[in-house]
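Chemist: One structure coming up, written as structure tokens, with questions to follow.
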2 protein chains.
Amino acid sequence: MAEDARGRLIDAAGRAFAERGFEGASVRDICSDAGVNVAAINYHFGDKQSLYVACLEQAQCSESQQTLRAADPSLPPEARLHGFIRGMLAAQGDPDRPRWHNALMLREMAHPTSAAAEVLKRYIRPLAETLREILEQLSPGVSGMPHDGWPVGFSVVSQVLFYAVHRPVARLLMGEAEHDALDVDFLADHITRFSLAALGRGPNIVGPSAAPSAGIRKTVSR
Amino acid sequence: MAEDARGRLIDAAGRAFAERGFEGASVRDICSDAGVNVAAINYHFGDKQSLYVACLEQAQCSESQQTLRAADPSLPPEARLHGFIRGMLAAQGDPDRPRWHNALMLREMAHPTSAAAEVLKRYIRPLAETLREILEQLSPGVSGMPHDGWPVGFSVVSQVLFYAVHRPVARLLMGEAEHDALDVDFLADHITRFSLAALGRGPNIVGPSAAPSAGIRKTVSR
DNA sequence: CGACAATTCAAACGACCGTTTGAAACAATC
DNA sequence: GATTGTTTCAAACGGTCGTTTGAATTGTCG
């Protein structure tokens, strides 16, 4: 029963921190949610801050299969990009992975605490390097563009991050029903095609074919 | 001296709310910052929550000239898009407009409170409609795409929002010096060209010419 | 069973929270 | 100068915060 209380605390705290922020989540609510005494935080972690760090560490450990697949340099770059994008999108709604993992990381990145540097080094930086490698493979010379090509990479990931950070806005703008009809596959296809077209590596977005290009579908999806 | 205390309170509170969030900002800190007594919040606004709403209303009132310019349907759509993007970017660093205005809105949109619906209706919705109109003018038929073309609009604005929401990450990834070298004009040009290329209305990003197309520059910039 | 460590518990700690009070200070009008 | 309404102030309110305490409980092993 020892590790159990610790684990339940991290899970309850992670959900609370992700939803209401560090200041907004009270230790009493967290402990009540986890079904443990308030003193358990002090016993297992020391204090609230250390519990928060433990949540971040837990959130860092899980990584999507799809994102890993994208790292395989033997695949065609279009498929790698699609896998990368789909992987990031899927991580948001992965039922095997607690929802709060992504939300907590996003909070930490938007309003960094002292723990942000570690998260960036271990979690964000590898993702960024993978994407840069894919983009360079896709369009040689992109790394040599102004500001080392970072803005191109940002233009790609920003489209993915939008649906994680600004989901409430998108929901209200589109209408709930229409928004809930968006699924991971559709968004991954859209963002991939938008980005490929911008890089001159695919047909533009408003073409006659609304279906994703066959080359992408056959190598990555399902 | 009456309206002065009220105004100083809104300014101090806006900065505090934007930086540390509603829960993280204490009324004592805010009042100390504004140079007023703690009871002033109750006297001028009623309570902390109403002060927060007052800050949001203040933040809504200011709008960038550039964004307005983009609403002019007589301009060529490429120039309107560039104006729209540059306007949103410029609002982030506008010295005439307190920095907290944008930050507070972004917080409200990422983690909506009960006041979010009003903000969306009065501030976000008009922006979204303007963009949709520009995109439809740019690429007729985009509104008829799946999900009413919303994903296309999201792909454009997300690139702008990235630099507002994830600035700390971008800073750490690129390195401080390189990041601070990014200016509004460069980013506006980059995002516009990326989006136009995706829509098939311009050369792709990694072309021989790193300079923005003349048609955009001459109508909008400076 | 008895000894010992690991874990949980109810209760309380001081500090800070948002809010309120009633009097003092100020401004404007007669 | 007296009157009236507006604004500021120091002080305190009850409540919740994160944290601590020391005893009670549980689990482990000789």
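Numbering starts fresh at 1 for the residues of each chain in the structure tokens, the chains themselves are lettered A, B, ... in the order given, and ligands are numbered from 1 as they appear.
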Might you pull out every residue within 9 Å of DA25 of chain C, with only C-alpha atoms (C1' of nucleotides) counted and same-chain residues fewer than 4 positions away left off, and present them as a list in words?

Modeler: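 Result of the neighbour search: DT7, DT8 and DC9 of chain D.
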
Chemist: Identify all chain B residues at most 10 Å from chain D by counting only C-alpha atoms (C1' of nucleotides); ligands do not count. Present them as a list in words.

Modeler: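 Filtering chain B at 10 Å from chain D with only C-alpha atoms (C1' of nucleotides) gives Met1, Ala2, Ala5, Val36, Asn37, Val38, Ala39, Ala40, Tyr43 and His44 of chain B.
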
Chemist: Take the residues just selected and output them with N, CA and C atoms as a compact mmCIF listing (two decimals), in the first residue's frame.

Modeler:
```txt
# COMPACT_ATOMS: atom_id res chain seq x y z
N MET B 1 -8.57 62.76 -8.16
CA MET B 1 -7.82 61.60 -7.67
C MET B 1 -8.68 60.34 -7.61
N ALA B 2 -9.98 60.50 -7.96
CA ALA B 2 -10.90 59.36 -7.83
C ALA B 2 -10.62 58.32 -8.91
N ALA B 5 -7.10 56.29 -8.80
CA ALA B 5 -6.91 55.07 -8.01
C ALA B 5 -7.51 53.88 -8.74
N VAL B 36 -2.40 51.91 -3.27
CA VAL B 36 -3.70 52.20 -2.64
C VAL B 36 -3.94 51.24 -1.48
N ASN B 37 -4.93 51.56 -0.68
CA ASN B 37 -5.29 50.69 0.44
C ASN B 37 -6.02 49.45 -0.06
N VAL B 38 -5.95 48.37 0.72
CA VAL B 38 -6.60 47.12 0.29
C VAL B 38 -8.11 47.30 0.15
N ALA B 39 -8.67 48.18 0.96
CA ALA B 39 -10.12 48.38 0.91
C ALA B 39 -10.57 49.02 -0.39
N ALA B 40 -9.62 49.57 -1.14
CA ALA B 40 -9.98 50.27 -2.38
C ALA B 40 -10.60 49.33 -3.40
N TYR B 43 -14.12 49.06 -2.52
CA TYR B 43 -14.82 50.32 -2.76
C TYR B 43 -15.06 50.55 -4.25
N HIS B 44 -14.06 50.31 -5.09
CA HIS B 44 -14.17 50.67 -6.50
C HIS B 44 -14.78 49.56 -7.36
```

Chemist: Could you write out chain A as an mmCIF file with C-alpha atoms, in the first residue's frame once it has been least-squares superposed on chain B using every ordered C-alpha pair?

Modeler:
```cif
data_model
loop_
_atom_site.group_PDB
_atom_site.id
_atom_site.type_symbol
_atom_site.label_atom_id
_atom_site.label_comp_id
_atom_site.auth_asym_id
_atom_site.auth_seq_id
_atom_site.Cartn_x
_atom_site.Cartn_y
_atom_site.Cartn_z
ATOM 1 C CA MET A 1 -7.926 61.547 -7.584
ATOM 2 C CA ALA A 2 -10.942 59.282 -7.801
ATOM 3 C CA GLU A 3 -10.598 57.772 -11.252
ATOM 4 C CA ASP A 4 -6.873 57.719 -10.752
ATOM 5 C CA ALA A 5 -6.935 55.070 -8.024
ATOM 6 C CA ARG A 6 -9.369 53.010 -10.059
ATOM 7 C CA GLY A 7 -7.149 53.196 -13.096
ATOM 8 C CA ARG A 8 -3.979 52.401 -11.202
ATOM 9 C CA LEU A 9 -5.728 49.402 -9.650
ATOM 10 C CA ILE A 10 -6.770 48.026 -13.029
ATOM 11 C CA ASP A 11 -3.273 48.472 -14.389
ATOM 12 C CA ALA A 12 -1.548 46.854 -11.412
ATOM 13 C CA ALA A 13 -4.113 44.054 -11.268
ATOM 14 C CA GLY A 14 -3.890 43.451 -15.003
ATOM 15 C CA ARG A 15 -0.145 43.023 -14.802
ATOM 16 C CA ALA A 16 -0.451 40.729 -11.797
ATOM 17 C CA PHE A 17 -3.247 38.585 -13.252
ATOM 18 C CA ALA A 18 -1.472 38.273 -16.586
ATOM 19 C CA GLU A 19 1.786 37.285 -14.960
ATOM 20 C CA ARG A 20 0.723 35.099 -12.034
ATOM 21 C CA GLY A 21 -2.877 34.182 -12.814
ATOM 22 C CA PHE A 22 -6.022 34.993 -10.856
ATOM 23 C CA GLU A 23 -5.228 32.742 -7.928
ATOM 24 C CA GLY A 24 -1.529 33.580 -7.902
ATOM 25 C CA ALA A 25 -2.031 37.308 -7.627
ATOM 26 C CA SER A 26 -2.921 38.542 -4.144
ATOM 27 C CA VAL A 27 -4.969 41.656 -3.531
ATOM 28 C CA ARG A 28 -2.333 42.931 -1.131
ATOM 29 C CA ASP A 29 0.384 42.749 -3.763
ATOM 30 C CA ILE A 30 -1.876 44.432 -6.299
ATOM 31 C CA CYS A 31 -2.827 47.272 -3.972
ATOM 32 C CA SER A 32 0.739 47.760 -2.830
ATOM 33 C CA ASP A 33 1.768 47.941 -6.481
ATOM 34 C CA ALA A 34 -0.961 50.452 -7.248
ATOM 35 C CA GLY A 35 -0.166 52.485 -4.148
ATOM 36 C CA VAL A 36 -3.635 52.213 -2.653
ATOM 37 C CA ASN A 37 -5.194 50.692 0.429
ATOM 38 C CA VAL A 38 -6.498 47.129 0.279
ATOM 39 C CA ALA A 39 -10.023 48.348 0.947
ATOM 40 C CA ALA A 40 -9.918 50.259 -2.337
ATOM 41 C CA ILE A 41 -10.715 47.070 -4.250
ATOM 42 C CA ASN A 42 -13.904 46.607 -2.307
ATOM 43 C CA TYR A 43 -14.748 50.290 -2.668
ATOM 44 C CA HIS A 44 -14.146 50.650 -6.399
ATOM 45 C CA PHE A 45 -15.013 47.184 -7.705
ATOM 46 C CA GLY A 46 -16.738 45.168 -4.995
ATOM 47 C CA ASP A 47 -14.416 42.206 -4.937
ATOM 48 C CA LYS A 48 -11.385 40.611 -6.580
ATOM 49 C CA GLN A 49 -13.458 38.803 -9.193
ATOM 50 C CA SER A 50 -15.065 42.035 -10.403
ATOM 51 C CA LEU A 51 -11.647 43.668 -10.566
ATOM 52 C CA TYR A 52 -10.560 40.804 -12.800
ATOM 53 C CA VAL A 53 -13.521 41.345 -15.099
ATOM 54 C CA ALA A 54 -12.719 45.069 -15.232
ATOM 55 C CA CYS A 55 -9.180 44.180 -16.344
ATOM 56 C CA LEU A 56 -10.541 41.970 -19.113
ATOM 57 C CA GLU A 57 -12.866 44.716 -20.302
ATOM 58 C CA GLN A 58 -9.976 47.159 -20.395
ATOM 59 C CA ALA A 59 -7.885 44.676 -22.386
ATOM 60 C CA GLN A 60 -10.689 44.205 -24.909
ATOM 61 C CA CYS A 61 -11.012 47.868 -25.705
ATOM 62 C CA SER A 62 -7.621 48.343 -27.303
ATOM 63 C CA GLU A 63 -7.212 47.034 -30.797
ATOM 64 C CA SER A 64 -4.339 47.372 -33.189
ATOM 65 C CA GLN A 65 -4.528 49.750 -36.137
ATOM 66 C CA GLN A 66 -2.994 47.157 -38.405
ATOM 67 C CA THR A 67 -5.712 44.639 -37.694
ATOM 68 C CA LEU A 68 -8.313 47.245 -38.521
ATOM 69 C CA ARG A 69 -6.537 48.075 -41.763
ATOM 70 C CA ALA A 70 -6.774 44.417 -42.719
ATOM 71 C CA ALA A 71 -10.535 44.713 -42.578
ATOM 72 C CA ASP A 72 -10.557 47.004 -45.627
ATOM 73 C CA PRO A 73 -11.995 44.792 -48.398
ATOM 74 C CA SER A 74 -10.640 47.014 -51.154
ATOM 75 C CA LEU A 75 -7.035 45.975 -50.539
ATOM 76 C CA PRO A 76 -5.638 42.905 -52.288
ATOM 77 C CA PRO A 77 -6.175 39.836 -50.119
ATOM 78 C CA GLU A 78 -2.449 39.115 -49.783
ATOM 79 C CA ALA A 79 -1.940 42.548 -48.258
ATOM 80 C CA ARG A 80 -4.957 42.099 -46.013
ATOM 81 C CA LEU A 81 -3.582 38.801 -44.735
ATOM 82 C CA HIS A 82 -0.194 40.357 -44.122
ATOM 83 C CA GLY A 83 -1.813 43.262 -42.302
ATOM 84 C CA PHE A 84 -3.888 40.914 -40.195
ATOM 85 C CA ILE A 85 -0.882 38.826 -39.191
ATOM 86 C CA ARG A 86 1.366 41.822 -38.605
ATOM 87 C CA GLY A 87 -1.354 43.485 -36.580
ATOM 88 C CA MET A 88 -1.731 40.517 -34.262
ATOM 89 C CA LEU A 89 2.030 40.262 -33.845
ATOM 90 C CA ALA A 90 2.455 43.974 -33.266
ATOM 91 C CA ALA A 91 -0.232 44.026 -30.594
ATOM 92 C CA GLN A 92 2.039 41.831 -28.502
ATOM 93 C CA GLY A 93 4.859 44.315 -28.395
ATOM 94 C CA ASP A 94 3.023 47.589 -28.867
ATOM 95 C CA PRO A 95 4.615 50.115 -26.490
ATOM 96 C CA ASP A 96 1.449 52.220 -26.485
ATOM 97 C CA ARG A 97 -0.525 49.275 -25.222
ATOM 98 C CA PRO A 98 0.238 47.723 -21.849
ATOM 99 C CA ARG A 99 1.895 44.367 -22.260
ATOM 100 C CA TRP A 100 -0.566 42.628 -19.961
ATOM 101 C CA HIS A 101 -3.540 43.197 -22.271
ATOM 102 C CA ASN A 102 -2.565 40.391 -24.619
ATOM 103 C CA ALA A 103 -1.184 38.117 -21.938
ATOM 104 C CA LEU A 104 -4.386 38.342 -19.935
ATOM 105 C CA MET A 105 -6.568 37.552 -22.947
ATOM 106 C CA LEU A 106 -4.411 34.551 -23.771
ATOM 107 C CA ARG A 107 -4.713 33.271 -20.211
ATOM 108 C CA GLU A 108 -8.472 33.685 -20.360
ATOM 109 C CA MET A 109 -8.648 31.831 -23.681
ATOM 110 C CA ALA A 110 -6.408 28.954 -22.594
ATOM 111 C CA HIS A 111 -8.196 28.501 -19.288
ATOM 112 C CA PRO A 112 -11.558 30.170 -19.619
ATOM 113 C CA THR A 113 -13.411 31.566 -16.643
ATOM 114 C CA SER A 114 -17.042 32.586 -16.704
ATOM 115 C CA ALA A 115 -15.987 35.821 -18.408
ATOM 116 C CA ALA A 116 -14.564 34.018 -21.444
ATOM 117 C CA ALA A 117 -17.789 33.931 -23.423
ATOM 118 C CA GLU A 118 -17.999 37.717 -23.468
ATOM 119 C CA VAL A 119 -14.346 38.109 -24.493
ATOM 120 C CA LEU A 120 -14.855 35.670 -27.306
ATOM 121 C CA LYS A 121 -17.961 37.361 -28.586
ATOM 122 C CA ARG A 122 -16.601 40.888 -28.533
ATOM 123 C CA TYR A 123 -12.930 40.353 -29.290
ATOM 124 C CA ILE A 124 -12.138 36.948 -30.777
ATOM 125 C CA ARG A 125 -15.175 36.395 -32.958
ATOM 126 C CA PRO A 126 -14.739 39.596 -35.002
ATOM 127 C CA LEU A 127 -11.082 38.737 -35.580
ATOM 128 C CA ALA A 128 -12.024 35.240 -36.674
ATOM 129 C CA GLU A 129 -14.671 36.503 -39.087
ATOM 130 C CA THR A 130 -12.258 38.991 -40.608
ATOM 131 C CA LEU A 131 -9.690 36.255 -41.177
ATOM 132 C CA ARG A 132 -12.265 33.934 -42.692
ATOM 133 C CA GLU A 133 -13.324 36.675 -45.066
ATOM 134 C CA ILE A 134 -9.723 37.333 -46.086
ATOM 135 C CA LEU A 135 -9.061 33.643 -46.658
ATOM 136 C CA GLU A 136 -12.212 33.233 -48.707
ATOM 137 C CA GLN A 137 -11.203 36.227 -50.817
ATOM 138 C CA LEU A 138 -7.734 34.752 -51.157
ATOM 139 C CA SER A 139 -8.829 31.225 -52.043
ATOM 140 C CA PRO A 140 -12.489 31.044 -52.960
ATOM 141 C CA GLY A 141 -13.939 27.770 -51.734
ATOM 142 C CA VAL A 142 -11.983 27.553 -48.533
ATOM 143 C CA SER A 143 -15.144 28.119 -46.502
ATOM 144 C CA GLY A 144 -16.653 25.125 -48.175
ATOM 145 C CA MET A 145 -13.874 22.827 -47.105
ATOM 146 C CA PRO A 146 -14.434 20.231 -44.374
ATOM 147 C CA HIS A 147 -15.485 21.725 -41.038
ATOM 148 C CA ASP A 148 -16.324 24.985 -42.796
ATOM 149 C CA GLY A 149 -12.670 25.733 -43.384
ATOM 150 C CA TRP A 150 -11.968 26.458 -39.745
ATOM 151 C CA PRO A 151 -8.803 24.324 -39.695
ATOM 152 C CA VAL A 152 -7.271 26.521 -42.400
ATOM 153 C CA GLY A 153 -7.900 29.628 -40.338
ATOM 154 C CA PHE A 154 -6.544 27.907 -37.255
ATOM 155 C CA SER A 155 -3.384 26.971 -39.146
ATOM 156 C CA VAL A 156 -2.793 30.653 -39.847
ATOM 157 C CA VAL A 157 -3.546 32.168 -36.447
ATOM 158 C CA SER A 158 -1.820 29.375 -34.575
ATOM 159 C CA GLN A 159 1.489 30.508 -36.037
ATOM 160 C CA VAL A 160 0.928 33.982 -34.625
ATOM 161 C CA LEU A 161 -0.319 32.762 -31.260
ATOM 162 C CA PHE A 162 2.741 30.565 -30.881
ATOM 163 C CA TYR A 163 5.029 33.537 -30.366
ATOM 164 C CA ALA A 164 2.702 34.939 -27.718
ATOM 165 C CA VAL A 165 1.975 31.752 -25.788
ATOM 166 C CA HIS A 166 5.205 29.840 -26.173
ATOM 167 C CA ARG A 167 7.695 32.703 -26.200
ATOM 168 C CA PRO A 168 9.597 31.255 -23.209
ATOM 169 C CA VAL A 169 10.022 27.941 -25.029
ATOM 170 C CA ALA A 170 11.081 29.551 -28.280
ATOM 171 C CA ARG A 171 13.549 31.652 -26.348
ATOM 172 C CA LEU A 172 15.127 28.666 -24.661
ATOM 173 C CA LEU A 173 15.176 26.595 -27.854
ATOM 174 C CA MET A 174 16.718 29.228 -30.091
ATOM 175 C CA GLY A 175 18.906 30.821 -27.477
ATOM 176 C CA GLU A 176 18.157 34.211 -26.012
ATOM 177 C CA ALA A 177 20.259 36.280 -28.367
ATOM 178 C CA GLU A 178 18.907 34.638 -31.511
ATOM 179 C CA HIS A 179 15.329 34.865 -30.255
ATOM 180 C CA ASP A 180 15.578 38.525 -29.364
ATOM 181 C CA ALA A 181 16.773 39.195 -32.898
ATOM 182 C CA LEU A 182 13.331 38.207 -34.206
ATOM 183 C CA ASP A 183 11.300 41.298 -34.970
ATOM 184 C CA VAL A 184 7.684 41.812 -35.868
ATOM 185 C CA ASP A 185 8.336 42.548 -39.532
ATOM 186 C CA PHE A 186 10.367 39.411 -40.062
ATOM 187 C CA LEU A 187 7.830 37.174 -38.335
ATOM 188 C CA ALA A 188 4.908 38.756 -40.169
ATOM 189 C CA ASP A 189 6.644 38.184 -43.490
ATOM 190 C CA HIS A 190 7.524 34.608 -42.610
ATOM 191 C CA ILE A 191 4.055 33.621 -41.399
ATOM 192 C CA THR A 192 2.383 35.338 -44.345
ATOM 193 C CA ARG A 193 4.613 33.608 -46.885
ATOM 194 C CA PHE A 194 4.242 30.248 -45.146
ATOM 195 C CA SER A 195 0.465 30.561 -45.196
ATOM 196 C CA LEU A 196 0.225 31.913 -48.738
ATOM 197 C CA ALA A 197 2.387 29.063 -50.010
ATOM 198 C CA ALA A 198 0.195 26.547 -48.212
ATOM 199 C CA LEU A 199 -2.801 28.072 -49.971
ATOM 200 C CA GLY A 200 -1.026 27.977 -53.322
ATOM 201 C CA ARG A 201 -0.925 31.743 -53.546
ATOM 202 C CA GLY A 202 2.791 32.328 -53.391
ATOM 203 C CA PRO A 203 6.247 30.792 -53.751
ATOM 204 C CA ASN A 204 7.119 28.183 -51.190
ATOM 205 C CA ILE A 205 9.118 29.033 -48.129
ATOM 206 C CA VAL A 206 12.527 27.661 -48.995
ATOM 207 C CA GLY A 207 12.962 29.594 -52.208
ATOM 208 C CA PRO A 208 15.945 31.445 -53.604
ATOM 209 C CA SER A 209 14.514 34.793 -52.458
ATOM 210 C CA ALA A 210 14.575 35.264 -48.718
ATOM 211 C CA ALA A 211 13.017 38.716 -49.112
ATOM 212 C CA PRO A 212 9.255 39.114 -48.797
ATOM 213 C CA SER A 213 7.335 39.518 -52.006
ATOM 214 C CA ALA A 214 7.186 43.101 -53.232
ATOM 215 C CA GLY A 215 3.411 43.064 -53.501
ATOM 216 C CA ILE A 216 3.079 42.586 -49.788
ATOM 217 C CA ARG A 217 5.760 44.991 -48.658
ATOM 218 C CA LYS A 218 4.698 47.965 -50.693
ATOM 219 C CA THR A 219 1.096 48.004 -49.570
ATOM 220 C CA VAL A 220 1.324 47.294 -45.891
ATOM 221 C CA SER A 221 4.667 47.784 -44.242
ATOM 222 C CA ARG A 222 5.562 51.023 -42.476
#
```

Chemist: Please determine the contact residues of chain C with respect to chain A at a cut-off of 10 Å, counting only C-alpha atoms (C1' of nucleotides), and supply them as a compact mmCIF listing (two decimals) with N, CA and C atoms (P, O5', C5', C4', C3', O3' and C1' of nucleotides), in the first residue's frame.

Modeler:
```txt
# COMPACT_ATOMS: atom_id res chain seq x y z
P DA C 6 11.97 2.35 7.80
O5' DA C 6 10.47 2.25 7.26
C5' DA C 6 10.00 1.00 6.76
C4' DA C 6 8.52 1.09 6.46
C3' DA C 6 8.10 2.37 5.73
O3' DA C 6 7.18 2.03 4.70
C1' DA C 6 6.85 2.14 7.72
P DT C 7 6.76 3.17 3.62
O5' DT C 7 5.35 3.65 4.20
C5' DT C 7 4.27 2.71 4.27
C4' DT C 7 3.16 3.24 5.13
C3' DT C 7 2.48 4.52 4.65
O3' DT C 7 1.22 4.17 4.12
C1' DT C 7 2.70 4.43 7.03
P DT C 8 0.27 5.29 3.55
O5' DT C 8 -0.60 5.64 4.84
C5' DT C 8 -1.55 4.71 5.33
C4' DT C 8 -2.19 5.26 6.59
C3' DT C 8 -3.07 6.49 6.37
O3' DT C 8 -4.40 6.19 6.76
C1' DT C 8 -1.62 6.78 8.25
P DC C 9 -5.58 7.19 6.32
O5' DC C 9 -5.78 8.01 7.67
C5' DC C 9 -6.07 7.31 8.89
C4' DC C 9 -5.87 8.22 10.08
C3' DC C 9 -6.51 9.60 9.94
O3' DC C 9 -7.79 9.59 10.55
C1' DC C 9 -4.34 9.66 11.02
P DA C 10 -8.84 10.68 10.17
O5' DA C 10 -8.83 11.57 11.49
C5' DA C 10 -8.94 10.94 12.75
C4' DA C 10 -8.47 11.88 13.85
C3' DA C 10 -9.21 13.22 13.91
O3' DA C 10 -9.44 13.55 15.28
C1' DA C 10 -6.90 13.60 13.57
```
